[in-house]
file start16.json (JSON, C-alpha atoms)
[["chain", "number", "residue", "atom", "x", "y", "z"],
["A", 228, "MET", "CA", -18.24, 28.44, -14.88],
["A", 229, "SER", "CA", -16.34, 25.27, -15.87],
["A", 230, "ALA", "CA", -16.69, 21.73, -14.49],
["A", 231, "PHE", "CA", -13.67, 19.67, -13.48],
["A", 232, "THR", "CA", -13.05, 16.03, -12.72],
["A", 233, "ILE", "CA", -10.70, 15.77, -9.72],
["A", 234, "ILE", "CA", -8.97, 12.61, -8.51],
["A", 235, "LEU", "CA", -8.49, 12.75, -4.73],
["A", 236, "THR", "CA", -6.05, 10.20, -3.34],
["A", 237, "ARG", "CA", -5.10, 9.13, 0.16],
["A", 238, "ASP", "CA", -2.53, 6.54, 1.07],
["A", 239, "VAL", "CA", -3.51, 3.57, 3.22],
["A", 240, "THR", "CA", -0.98, 1.11, 4.58],
["A", 241, "GLU", "CA", -1.47, -2.51, 5.52],
["A", 242, "SER", "CA", 0.74, -4.77, 7.62],
["A", 243, "VAL", "CA", 1.09, -8.44, 8.36],
["A", 244, "ALA", "CA", 3.34, -10.21, 10.89],
["A", 245, "VAL", "CA", 5.05, -13.38, 9.70],
["A", 246, "ARG", "CA", 7.35, -15.70, 11.64],
["A", 247, "ILE", "CA", 10.59, -16.46, 9.81],
["A", 248, "ASP", "CA", 13.34, -18.84, 10.94],
["A", 249, "ALA", "CA", 16.71, -17.50, 9.82],
["A", 250, "ASN", "CA", 20.38, -17.28, 10.77],
["A", 251, "ASP", "CA", 20.42, -13.47, 10.92],
["A", 252, "ARG", "CA", 18.33, -10.34, 10.39],
["A", 253, "GLU", "CA", 19.27, -9.93, 6.71],
["A", 254, "GLN", "CA", 18.28, -13.50, 5.91],
["A", 255, "ALA", "CA", 15.00, -13.05, 7.81],
["A", 256, "GLU", "CA", 14.16, -9.88, 5.86],
["A", 257, "ALA", "CA", 14.97, -11.55, 2.54],
["A", 258, "SER", "CA", 12.90, -14.61, 3.45],
["A", 259, "ALA", "CA", 9.92, -12.46, 4.45],
["A", 260, "LEU", "CA", 10.01, -10.66, 1.09],
["A", 261, "ASP", "CA", 10.41, -14.00, -0.71],
["A", 262, "LEU", "CA", 7.31, -15.23, 1.14],
["A", 263, "PHE", "CA", 5.33, -12.22, -0.06],
["A", 264, "PHE", "CA", 6.46, -12.58, -3.68],
["A", 265, "SER", "CA", 5.77, -16.34, -3.66],
["A", 266, "GLY", "CA", 2.05, -15.60, -3.73],
["A", 267, "VAL", "CA", 1.25, -17.18, -0.37],
["A", 268, "ALA", "CA", -2.01, -15.74, 1.01],
["A", 269, "LEU", "CA", -1.22, -13.46, 3.94],
["A", 270, "ASP", "CA", -3.77, -12.01, 6.38],
["A", 271, "TRP", "CA", -3.13, -8.29, 5.85],
["A", 272, "LYS", "CA", -4.63, -5.78, 8.31],
["A", 273, "LYS", "CA", -5.19, -2.11, 7.58],
["A", 274, "ASP", "CA", -3.01, 0.12, 9.76],
["A", 275, "ASP", "CA", -4.54, 2.94, 11.79],
["A", 276, "GLY", "CA", -2.93, 5.77, 9.88],
["A", 277, "LEU", "CA", -4.20, 7.33, 6.70],
["A", 278, "SER", "CA", -2.54, 10.16, 4.86],
["A", 279, "ASP", "CA", -4.31, 13.42, 4.25],
["A", 280, "PRO", "CA", -5.97, 13.48, 0.83],
["A", 281, "TYR", "CA", -4.09, 15.05, -2.05],
["A", 282, "ILE", "CA", -4.82, 15.74, -5.72],
["A", 283, "THR", "CA", -3.40, 13.23, -8.21],
["A", 284, "GLY", "CA", -5.23, 14.39, -11.30],
["A", 285, "ILE", "CA", -7.43, 17.15, -12.67],
["A", 286, "ASP", "CA", -9.09, 17.48, -16.06],
["A", 287, "GLN", "CA", -11.57, 19.97, -17.35],
["A", 288, "ALA", "CA", -14.83, 18.12, -17.95],
["A", 289, "ALA", "CA", -16.16, 17.99, -21.48],
["A", 290, "ASP", "CA", -19.17, 20.23, -21.98]]
call {"tool": "encode", "arguments": {"input": "start16.json", "output": "structure tokens"}}
result
Amino acid sequence: MSAFTIILTRDVTESVAVRIDANDREQAEASALDLFFSGVALDWKKDDGLSDPYITGIDQAAD
């Protein structure tokens, strides 16, 4: 019998609500993404949903 190393992965999402003052929806979306990429610390919360686990890697273990 052989031994295997298996990587099991599941996806977890996080969300944060930010208030953005803007002239329209497109500007608000762009400003929210700019805020994220600026490095400002945001208070992320884990969402309720998790994906089912799936295999992302498998290698036969060295004997």
call {"tool": "residues_around", "arguments": {"input": "start16.json", "residues": "A:Ile282", "least_positions_apart": "4", "cutoff": "10 Å", "atoms": "all atoms listed in the file", "output": "mmCIF file with C-alpha atoms, in the frame of the given file"}}
result
data_model
loop_
_atom_site.group_PDB
_atom_site.id
_atom_site.type_symbol
_atom_site.label_atom_id
_atom_site.label_comp_id
_atom_site.auth_asym_id
_atom_site.auth_seq_id
_atom_site.Cartn_x
_atom_site.Cartn_y
_atom_site.Cartn_z
ATOM 1 C CA ILE A 233 -10.700 15.770 -9.720
ATOM 2 C CA ILE A 234 -8.970 12.610 -8.510
ATOM 3 C CA LEU A 235 -8.490 12.750 -4.730
ATOM 4 C CA THR A 236 -6.050 10.200 -3.340
ATOM 5 C CA ARG A 237 -5.100 9.130 0.160
#
call {"tool": "residues_around", "arguments": {"input": "start16.json", "residues": "stretch 264-276 of chain A", "least_positions_apart": "6", "cutoff": "12 Å", "atoms": "all atoms listed in the file", "output": "list of chain:residue names"}}
result
A:Arg237, A:Asp238, A:Val239, A:Thr240, A:Glu241, A:Ser242, A:Val243, A:Ala244, A:Val245, A:Arg246, A:Ala257, A:Ser258
call {"tool": "atom_distance", "arguments": {"input": "start16.json", "atom1": "atom CA of A:Gly284", "atom2": "atom CA of A:Ser229"}}
result
16.2 Å
call {"tool": "atom_distance", "arguments": {"input": "start16.json", "atom1": "atom CA of A:Leu260", "atom2": "atom CA of A:Asp248"}}
result
13.2 Å
call {"tool": "atom_distance", "arguments": {"input": "start16.json", "atom1": "atom CA of A:Met228", "atom2": "atom CA of A:Ala289"}}
result
12.5 Å
call {"tool": "axis_aligned_box", "arguments": {"input": "start16.json", "around": "stretch 261-269 of chain A", "padding_each_side": "8 Å", "output": "JSON"}}
result
{"center_x": 4.2, "center_y": -14.7, "center_z": 0.1, "size_x": 28.4, "size_y": 21.0, "size_z": 23.7}
call {"tool": "residues_around", "arguments": {"input": "start16.json", "residues": "A:Phe231", "least_positions_apart": "4", "cutoff": "8 Å", "atoms": "all atoms listed in the file", "output": "list in words"}}
result
Ile285, Asp286, Gln287 and Ala288 of chain A
call {"tool": "build_atoms", "arguments": {"input": "start16.json", "residues": "stretch 253-280 of chain A", "atoms": "N, CA and C atoms", "output": "CSV table (one decimal), in the coordinates of the input"}}
result
chain,number,residue,atom,x,y,z
A,253,GLU,N,19.3,-10.1,8.2
A,253,GLU,CA,19.3,-9.9,6.7
A,253,GLU,C,18.6,-11.1,6.0
A,254,GLN,N,18.9,-12.3,6.5
A,254,GLN,CA,18.3,-13.5,5.9
A,254,GLN,C,16.8,-13.5,6.2
A,255,ALA,N,16.4,-13.1,7.4
A,255,ALA,CA,15.0,-13.0,7.8
A,255,ALA,C,14.2,-12.1,6.9
A,256,GLU,N,14.8,-10.9,6.7
A,256,GLU,CA,14.2,-9.9,5.9
A,256,GLU,C,14.0,-10.4,4.4
A,257,ALA,N,15.0,-11.0,3.9
A,257,ALA,CA,15.0,-11.6,2.5
A,257,ALA,C,13.9,-12.7,2.5
A,258,SER,N,13.9,-13.5,3.5
A,258,SER,CA,12.9,-14.6,3.4
A,258,SER,C,11.5,-14.1,3.6
A,259,ALA,N,11.3,-13.0,4.3
A,259,ALA,CA,9.9,-12.5,4.4
A,259,ALA,C,9.5,-11.9,3.1
A,260,LEU,N,10.4,-11.2,2.4
A,260,LEU,CA,10.0,-10.7,1.1
A,260,LEU,C,9.8,-11.8,0.1
A,261,ASP,N,10.6,-12.8,0.2
A,261,ASP,CA,10.4,-14.0,-0.7
A,261,ASP,C,9.0,-14.6,-0.5
A,262,LEU,N,8.6,-14.7,0.8
A,262,LEU,CA,7.3,-15.2,1.1
A,262,LEU,C,6.2,-14.4,0.5
A,263,PHE,N,6.3,-13.1,0.6
A,263,PHE,CA,5.3,-12.2,-0.1
A,263,PHE,C,5.3,-12.5,-1.6
A,264,PHE,N,6.4,-12.5,-2.2
A,264,PHE,CA,6.5,-12.6,-3.7
A,264,PHE,C,6.1,-14.0,-4.2
A,265,SER,N,6.1,-15.0,-3.3
A,265,SER,CA,5.8,-16.3,-3.7
A,265,SER,C,4.3,-16.5,-3.9
A,266,GLY,N,3.5,-15.5,-3.5
A,266,GLY,CA,2.0,-15.6,-3.7
A,266,GLY,C,1.3,-16.3,-2.6
A,267,VAL,N,1.9,-16.6,-1.5
A,267,VAL,CA,1.2,-17.2,-0.4
A,267,VAL,C,0.2,-16.2,0.1
A,268,ALA,N,-1.0,-16.6,0.5
A,268,ALA,CA,-2.0,-15.7,1.0
A,268,ALA,C,-1.6,-15.3,2.4
A,269,LEU,N,-1.5,-14.0,2.6
A,269,LEU,CA,-1.2,-13.5,3.9
A,269,LEU,C,-2.4,-12.7,4.5
A,270,ASP,N,-2.6,-12.6,5.8
A,270,ASP,CA,-3.8,-12.0,6.4
A,270,ASP,C,-3.4,-10.6,6.7
A,271,TRP,N,-3.5,-9.7,5.7
A,271,TRP,CA,-3.1,-8.3,5.8
A,271,TRP,C,-4.2,-7.6,6.7
A,272,LYS,N,-3.7,-6.6,7.5
A,272,LYS,CA,-4.6,-5.8,8.3
A,272,LYS,C,-4.3,-4.3,8.0
A,273,LYS,N,-5.4,-3.5,7.8
A,273,LYS,CA,-5.2,-2.1,7.6
A,273,LYS,C,-4.6,-1.5,8.8
A,274,ASP,N,-3.6,-0.6,8.7
A,274,ASP,CA,-3.0,0.1,9.8
A,274,ASP,C,-3.9,1.3,10.1
A,275,ASP,N,-3.7,1.9,11.3
A,275,ASP,CA,-4.5,2.9,11.8
A,275,ASP,C,-4.4,4.2,11.0
A,276,GLY,N,-3.2,4.5,10.5
A,276,GLY,CA,-2.9,5.8,9.9
A,276,GLY,C,-3.3,5.9,8.4
A,277,LEU,N,-3.9,7.0,8.1
A,277,LEU,CA,-4.2,7.3,6.7
A,277,LEU,C,-3.6,8.7,6.4
A,278,SER,N,-3.1,8.9,5.2
A,278,SER,CA,-2.5,10.2,4.9
A,278,SER,C,-3.7,11.1,4.6
A,279,ASP,N,-3.4,12.4,4.7
A,279,ASP,CA,-4.3,13.4,4.2
A,279,ASP,C,-4.5,13.3,2.8
A,280,PRO,N,-5.7,13.6,2.3
A,280,PRO,CA,-6.0,13.5,0.8
A,280,PRO,C,-5.2,14.5,0.0
